[in-house]
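Notes for the one structure printed next.
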Amino acid sequence: MNDSRAGVHITPFGRFDHVDHWVFDLDNTLYPAECDLFAQIDVRMTDFVSRALGLGPAEARRVQKHYYATYGTTLAGLMHVNRIEPAEFLAHVHDIDLSPLPDLPALRAAIEALPGRKFVYTNGSRRHAERVTEKMRLDHLFDGSFGIEDGNYTPKPKQGSYDAFCELHAVEPKRAVFFEDLARNLLPAKDMGFTTVLVHSEKDWSHEPIEARPATLEDILKDDGPDHIDYVTGDLAAFLEAARGTL
């Protein structure tokens, strides 16, 4: 698991000529975690919880992180426990400054060169995906975006979310590859037949309790890595270029 080329950890690196659907998570996957865009979302989630539940900032943050760890997203917890309507939450937390997003011409070229259909699949809102891809000048390269509202607000890694995505966009998992920055979100994808790629960063962008933080690369690669992760890369553009070379 320690060999590498083009920024790709190989297990070993195989062929991608079976792939005609390319599925990308959004936050900290299509853009690098180092720009720390999620920090803005995190602050705005705390603010929303504070206002909606009438809590002080410290208690609101505790509730926010408890919901994330327990229900998969803060929104899922607010809907389940507090019966919060999701539209206002999503509009509030994604009203962020996108100026930290980098221009990534190599990534743009690599995605454009891929054959087949390409999708963004996020636990955020569809509008958030549209804004981010527009800012990065990637929007014209995708055949569709799947936001949490498209899965009836069921988040990854719950199975219903993946089923809804595949049904809406007619994606056959065995002919698809799934790119994601959270290892837990790749488990259902692998079970369905997706080829799975973990897009990893050493930056702890999550601001989450320890039980909900992304695994470290050392943990991921320990004992040859978990069975549900086929590849790990810290360079998405390089990985895509290497994969295209196998087509």
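Note on naming: chains are A, B, ... as they come in the structure tokens, residues start from 1 per chain, ligands start from 1 in the order shown.
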Any idea what's packed within 9 Å of Asp47 in chain A, counting only C-alpha atoms, ignoring anything in its chain fewer than 3 positions away? Could you give it as a list of chain:residue names?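 Returned residues: A:Asp42, A:Val43, A:Arg44, A:Ser50, A:Arg51, A:Ala52, A:Pro57, A:Ala60, A:Arg61, A:Val93.
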Using C-alpha atoms, can you export the residues from the last selection as a tab-separated table (two decimals), in the first residue's frame?
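The result, stored in selection_26.tsv:
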```
chain	number	residue	atom	x	y	z
A	42	ASP	CA	-19.02	25.17	10.71
A	43	VAL	CA	-19.34	28.62	12.29
A	44	ARG	CA	-22.63	29.29	10.51
A	50	SER	CA	-27.93	28.87	18.65
A	51	ARG	CA	-30.70	30.98	17.13
A	52	ALA	CA	-33.10	28.13	16.31
A	57	PRO	CA	-22.79	29.59	21.66
A	60	ALA	CA	-25.16	25.28	20.62
A	61	ARG	CA	-21.80	23.98	19.46
A	93	VAL	CA	-24.99	27.63	6.50
```
Considering only alpha helix (DSSP H) as DSSP defines it on the backbone, what residues of range 114-154 of chain A qualify? List them as a ChimeraX atom specification. /A:126-135
Take the residues from that selection and write them out as a PDB file, in the first residue's frame, keeping C-alpha atoms.
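The resulting file, again-v3.pdb, is shown below:
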```pdb
ATOM      1  CA  ARG A 126     -27.518  21.445  -4.578  1.00  0.00           C
ATOM      2  CA  ARG A 127     -27.149  25.241  -4.702  1.00  0.00           C
ATOM      3  CA  HIS A 128     -23.958  25.000  -2.628  1.00  0.00           C
ATOM      4  CA  ALA A 129     -22.568  22.528  -5.166  1.00  0.00           C
ATOM      5  CA  GLU A 130     -23.547  24.831  -8.013  1.00  0.00           C
ATOM      6  CA  ARG A 131     -21.927  27.887  -6.398  1.00  0.00           C
ATOM      7  CA  VAL A 132     -18.667  26.070  -5.648  1.00  0.00           C
ATOM      8  CA  THR A 133     -18.336  24.490  -9.087  1.00  0.00           C
ATOM      9  CA  GLU A 134     -19.224  27.782 -10.772  1.00  0.00           C
ATOM     10  CA  LYS A 135     -16.538  29.606  -8.773  1.00  0.00           C
TER      11      LYS A 135
END
```
Range 9-84 of chain A residues near range 117-120 of chain A within 12 Å, closest pair each, using only C-alpha atoms, as CSV:
```
residue,atom,partner,partner_atom,distance
A:Val19,CA,A:Arg117,CA,9.5
A:Asp20,CA,A:Arg117,CA,6.2
A:His21,CA,A:Arg117,CA,5.0
A:Trp22,CA,A:Lys118,CA,4.7
A:Val23,CA,A:Phe119,CA,4.9
A:Phe24,CA,A:Val120,CA,4.9
A:Asp25,CA,A:Val120,CA,5.7
A:Leu26,CA,A:Val120,CA,6.3
A:Asp27,CA,A:Val120,CA,10.1
A:Thr29,CA,A:Val120,CA,10.2
A:Leu30,CA,A:Val120,CA,8.9
```
d(CA of Ala164 in chain A, CA of Glu85 in chain A) in Å: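 Calculated distance between CA of Ala164 in chain A and CA of Glu85 in chain A is 20.4 Å.
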As a list in words, please: the residues near Leu168 in chain A (cut-off 12 Å, only C-alpha atoms, same-chain neighbours under 6 positions excluded).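 My reading of the contact set: Phe119, Tyr121, Asp143, Gly144, Ser145, Phe146, Gly147, Asp150, Gly151, Ser161 and Tyr162 of chain A.
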Dump of N, CA and C atoms for the selected residues, as a PDB file, in the first residue's frame:
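Produced file part.pdb, reproduced below:
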```
ATOM      1  N   PHE A 119     -20.685  13.518 -12.116  1.00  0.00           N
ATOM      2  CA  PHE A 119     -21.665  14.060 -11.183  1.00  0.00           C
ATOM      3  C   PHE A 119     -21.002  14.551  -9.912  1.00  0.00           C
ATOM      4  N   TYR A 121     -21.924  14.837  -5.904  1.00  0.00           N
ATOM      5  CA  TYR A 121     -22.844  14.208  -4.945  1.00  0.00           C
ATOM      6  C   TYR A 121     -22.420  14.659  -3.551  1.00  0.00           C
ATOM      7  N   ASP A 143     -22.603  16.530 -15.455  1.00  0.00           N
ATOM      8  CA  ASP A 143     -23.906  16.220 -16.022  1.00  0.00           C
ATOM      9  C   ASP A 143     -25.036  16.412 -15.017  1.00  0.00           C
ATOM     10  N   GLY A 144     -24.694  16.634 -13.762  1.00  0.00           N
ATOM     11  CA  GLY A 144     -25.710  16.872 -12.757  1.00  0.00           C
ATOM     12  C   GLY A 144     -25.095  16.977 -11.378  1.00  0.00           C
ATOM     13  N   SER A 145     -25.845  17.600 -10.464  1.00  0.00           N
ATOM     14  CA  SER A 145     -25.454  17.702  -9.061  1.00  0.00           C
ATOM     15  C   SER A 145     -26.557  17.107  -8.207  1.00  0.00           C
ATOM     16  N   PHE A 146     -26.156  16.367  -7.174  1.00  0.00           N
ATOM     17  CA  PHE A 146     -27.104  15.740  -6.258  1.00  0.00           C
ATOM     18  C   PHE A 146     -26.856  16.317  -4.877  1.00  0.00           C
ATOM     19  N   GLY A 147     -27.814  17.122  -4.402  1.00  0.00           N
ATOM     20  CA  GLY A 147     -27.723  17.690  -3.069  1.00  0.00           C
ATOM     21  C   GLY A 147     -28.559  16.899  -2.082  1.00  0.00           C
ATOM     22  N   ASP A 150     -32.180  16.260  -2.680  1.00  0.00           N
ATOM     23  CA  ASP A 150     -32.561  15.294  -3.707  1.00  0.00           C
ATOM     24  C   ASP A 150     -32.734  13.893  -3.138  1.00  0.00           C
ATOM     25  N   GLY A 151     -32.170  13.643  -1.975  1.00  0.00           N
ATOM     26  CA  GLY A 151     -32.330  12.362  -1.292  1.00  0.00           C
ATOM     27  C   GLY A 151     -33.262  12.446  -0.108  1.00  0.00           C
ATOM     28  N   SER A 161     -29.587   7.361   0.769  1.00  0.00           N
ATOM     29  CA  SER A 161     -29.027   8.461   0.000  1.00  0.00           C
ATOM     30  C   SER A 161     -28.388   7.962  -1.289  1.00  0.00           C
ATOM     31  N   TYR A 162     -27.608   6.892  -1.195  1.00  0.00           N
ATOM     32  CA  TYR A 162     -26.931   6.332  -2.378  1.00  0.00           C
ATOM     33  C   TYR A 162     -27.955   5.765  -3.360  1.00  0.00           C
TER      34      TYR A 162
END
```
Nearest residue to Asp227 in chain A from the set A:Met136, A:Ala242, A:Val197, A:Ala106 (distances using only C-alpha atoms):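 The answer is A:Val197, which sits nearest to Asp227 in chain A.
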Could you pull out the strand (DSSP E) residues of range 63-194 of chain A from DSSP and send them as a ChimeraX atom specification? /A:117-121,144-146,176-180
For a quick check of understanding, using only C-alpha atoms, which of A:Leu107, A:Ser99, A:His200, A:His18 has the smallest distance to Leu247 in chain A?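 Looking only at the distances to Leu247 in chain A, the closest residue turns out to be A:His18.
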